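First comes the structure, then the notes that go with it.
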Amino acid sequence: MAVLALYILAGTPLVPFHPDESTQIFMSHDYAYQFIERDLSKIRYSDPPQRDTEQELRLLNGTINKYLIGLAWHLNGFNADDLNEQWDWGADWDYNLRAGHLPALDLLHVARWPSALLLAAGVIVIFALGWQLGGRPVAYFASLYYALNPALLLNGRRAMMEGSQIFFALLVVLAGVWFVRRYSWRAVLLLGVAAGFALASKHTTVFTVAPVFAICIVLILARRQTRPLGKLFAAGVIGLAIFYALNPAWWGNPISRATTVLELRQDLLTTQTEVFGHYEHIVDQSAGFARQTLMNLTQYYEVSGWDALIGDQIAHYESSPWHGVSIGGSVIGGLVMLLLVGFGLLALWRHRHRQVVSGRWLIGGWALAVSVFTLVLTPLEWQRYYVPVYPALGLLAALGLAHVIGYSRVRWLTG
């Protein structure tokens, strides 16, 4: 696991730049407002806003990454005056460069470490989930897939929200498994804390948190128990309290803030689909899902023309040994990945009567739920929107591979 974690970290400085990194670094002004200036009035919601752009970004995005970026540059001797401005998507590269929207290289590298470190820490969690799912072989196969996945490496190493999103989402699943096995208060606390940090990392992590809690309820009721429901409720309260504490922009009227966030997110998706196009129907969505999750060809940018701007960075990154290995990578590879996932689901079904006790039912249920939510709700083919699916499919494929190897070994020994 240590070797895989080091592999993830080793390629962090080489990752090609994405303008959303500029935005996340710009947002780390909130760290300075809250922890250096200690002026909460600058980050609390106000109507009219003190700073329109900052308040909108504060509501649309998670808080964990920007605070960790702020801590990183603070510990490394930077200050708020060193931060870049937000990237202007309506202008070209030269304008953004002249206007100070591109972060200095040393600041960019420092800002990437929090996300990369959390992505690397995810190796431990995915190993534990693999062990719960199918023992040592599944744990090793799943960890290898996770650490070498090009899309996870690219997006998790950047100064963006994906590293924290993946780590805390996986921690929610693992905490859920421990909870349904023991119903201990320690598991309750871990589940609540993980859920709070997951939601504060990126709002769309709700599509992991909600299924995990729902499956826990189903498992509790399937065992004809009711007392653990109170503990699960306590975990939910802890999670919401942590999310609220980590989001000063929600303080005062969280219901109203939630409505505002949904409106802003809908406006953002509408703008994205109008400018970049969108899936026409479920067939297109399914094809895009298959390309991004099974074939898994690295998408370095979403806007056409960016190959000319960061082409040298892409070439340098891909010439290094740190860009990962795609198990899919082609139509044939994607079909192999699909078969392995299918074998994994088959293995879960064959042992369905033992899953309530072991927690395998929860892992499998979460993997299916996050895949379905991503398939149905993703409006356009941007790879980073598919990032939550990779660990889920990796676990199922690892179980499928272990199942095939075990079956083949039995067949060979029995002649």
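Labels used: A, B, ... for chains in the order of the structure tokens, numbers from 1 for residues in each chain, and numbers from 1 for ligands as shown.
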### Message
For Lys202 in chain A, find every residue with an atom within 7 Å (counting only C-alpha atoms), except residues of its own chain fewer than 2 positions away, and show them as a PyMOL selection string.
### Response
chain A and resi 61-62+161+165+198-200+204-205
### Task
Enumerate, as an MDAnalysis selection string, the complete set of residues in range 84-302 of chain A that a backbone-based DSSP assignment places in helix (DSSP H, G or I).
chainID A and resid 93:98 105:134 136:148 150:157 162:182 185:201 203:222 227:245 248:250 254:276 282:295
### Task
May I have the residues within 12 Å of Asn253 in chain A as a list in words, using only C-alpha atoms and disregarding those fewer than 6 positions away in the same chain?
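In the requested format, the answer is Arg44, Tyr45, Ser46, Tyr244, Asn247, Thr259 and Thr260 of chain A.
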May I have the residues from that selection written out with N, CA and C atoms, as a PDB file, in the first residue's frame?
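Heads up, here's the output in again-v8.pdb:
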```pdb
ATOM      1  N   ARG A  44     -19.577  34.772   5.529  1.00  0.00           N
ATOM      2  CA  ARG A  44     -20.979  34.459   5.788  1.00  0.00           C
ATOM      3  C   ARG A  44     -21.840  35.007   4.658  1.00  0.00           C
ATOM      4  N   TYR A  45     -22.994  34.402   4.474  1.00  0.00           N
ATOM      5  CA  TYR A  45     -23.913  34.815   3.410  1.00  0.00           C
ATOM      6  C   TYR A  45     -24.449  36.213   3.695  1.00  0.00           C
ATOM      7  N   SER A  46     -24.519  37.020   2.660  1.00  0.00           N
ATOM      8  CA  SER A  46     -25.095  38.356   2.795  1.00  0.00           C
ATOM      9  C   SER A  46     -25.899  38.685   1.543  1.00  0.00           C
ATOM     10  N   TYR A 244     -22.572  21.621   8.442  1.00  0.00           N
ATOM     11  CA  TYR A 244     -23.019  22.983   8.767  1.00  0.00           C
ATOM     12  C   TYR A 244     -21.872  23.803   9.351  1.00  0.00           C
ATOM     13  N   ASN A 247     -19.395  25.056   6.772  1.00  0.00           N
ATOM     14  CA  ASN A 247     -19.934  25.905   5.717  1.00  0.00           C
ATOM     15  C   ASN A 247     -20.530  27.183   6.304  1.00  0.00           C
ATOM     16  N   THR A 259     -31.746  25.847  -0.886  1.00  0.00           N
ATOM     17  CA  THR A 259     -32.539  26.213  -2.063  1.00  0.00           C
ATOM     18  C   THR A 259     -31.716  27.055  -3.031  1.00  0.00           C
ATOM     19  N   THR A 260     -30.960  27.996  -2.492  1.00  0.00           N
ATOM     20  CA  THR A 260     -30.110  28.841  -3.332  1.00  0.00           C
ATOM     21  C   THR A 260     -29.053  28.014  -4.048  1.00  0.00           C
TER      22      THR A 260
END
```
#### Entry: All residues 8 Å or closer to range 111-119 of chain A, only C-alpha atoms, same chain fewer than 4 positions away omitted, as a list in words
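Listed by chain and then number, they are Ile8, Leu9, Thr12, Pro13, Ile25, Asn65, Leu68, Ile69, Gly70, Ala72, Trp73, Leu107, Val123, Gly156, Arg157, Arg158, Ala159, Met160, Met161, Glu162, Gly163, Ser164, Ile166 and Phe167 of chain A.
When CA of Phe78 in chain A is paired with CA of Thr63 in chain A, their separation reads 19.8 Å.
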### Query
So how many Å separate CA of Gly394 in chain A and CA of Met337 in chain A, to one decimal?
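CA of Met337 in chain A lies at a distance of 8.9 Å from CA of Gly394 in chain A.
Minimum atom-to-atom distance to Glu54 in chain A, evaluated using only C-alpha atoms, belongs to A:Ala249 out of A:Ala347, A:Ala249, A:Ile332, A:Val193.
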### Message
With distances taken over only C-alpha atoms, which residue among A:Ala175, A:Gln285, A:Ala80, A:Glu302 lies nearest Asp20 in chain A?
### Response
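For Asp20 in chain A, the nearest of the candidates is A:Glu302.
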#### Entry: Closest of A:Gln55, A:Gln50, A:Ser143, A:Gln383 to Gln299 in chain A - atom-to-atom distances counting only C-alpha atoms
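Of the candidates, the smallest distance to Gln299 in chain A is held by A:Gln383.
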Once you count only C-alpha atoms, what closest atom pair and distance in Å to one decimal does each residue of range 2-76 of chain A within 10 Å of range 95-105 of chain A have, with rows by chain and rising residue number, as a tab-separated table?
```
residue	atom	partner	partner_atom	distance
A:Pro13	CA	A:Leu105	CA	9.4
A:Phe17	CA	A:Leu102	CA	9.6
A:His18	CA	A:Leu102	CA	9.9
A:Pro19	CA	A:Leu102	CA	7.8
A:Glu21	CA	A:Pro103	CA	8.5
A:Ser22	CA	A:Pro103	CA	6.2
A:Thr23	CA	A:His101	CA	8.6
A:Ile25	CA	A:Pro103	CA	7.9
A:Phe26	CA	A:His101	CA	8.7
```
### Task
Show which residues sit within 10 Å of Leu399 in chain A, as a list of chain:residue names. Count only C-alpha atoms, and ignore same-chain residues fewer than 3 positions away.
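Non-adjacent residues within range: A:Gly130, A:Trp131, A:Leu133, A:Gly134, A:Gly135, A:Pro137, A:Val138, A:Ala139, A:Phe141, A:Ala142, A:Leu340, A:Val341, A:Gly342, A:Phe343, A:Gly344, A:Leu345, A:Leu346, A:Ala347, A:Leu348, A:Leu393, A:Gly394, A:Leu395, A:Leu396, A:Ala402, A:His403, A:Val404, A:Ile405.
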### Message
Need the shell around Gly196 in chain A: protein/DNA/RNA residues with any atom at most 7 Å away, counting only C-alpha atoms. Skip same-chain ones fewer than 4 positions apart. Format as a ChimeraX atom specification?
### Response
/A:192,200,239-240,242-243
### Message
Let me make sure I understand: among A:Leu152, A:Ile217, A:Leu309, A:Met295, which one has the smallest atom-to-atom distance to Tyr385 in chain A if we use only C-alpha atoms?
### Response
A:Leu152
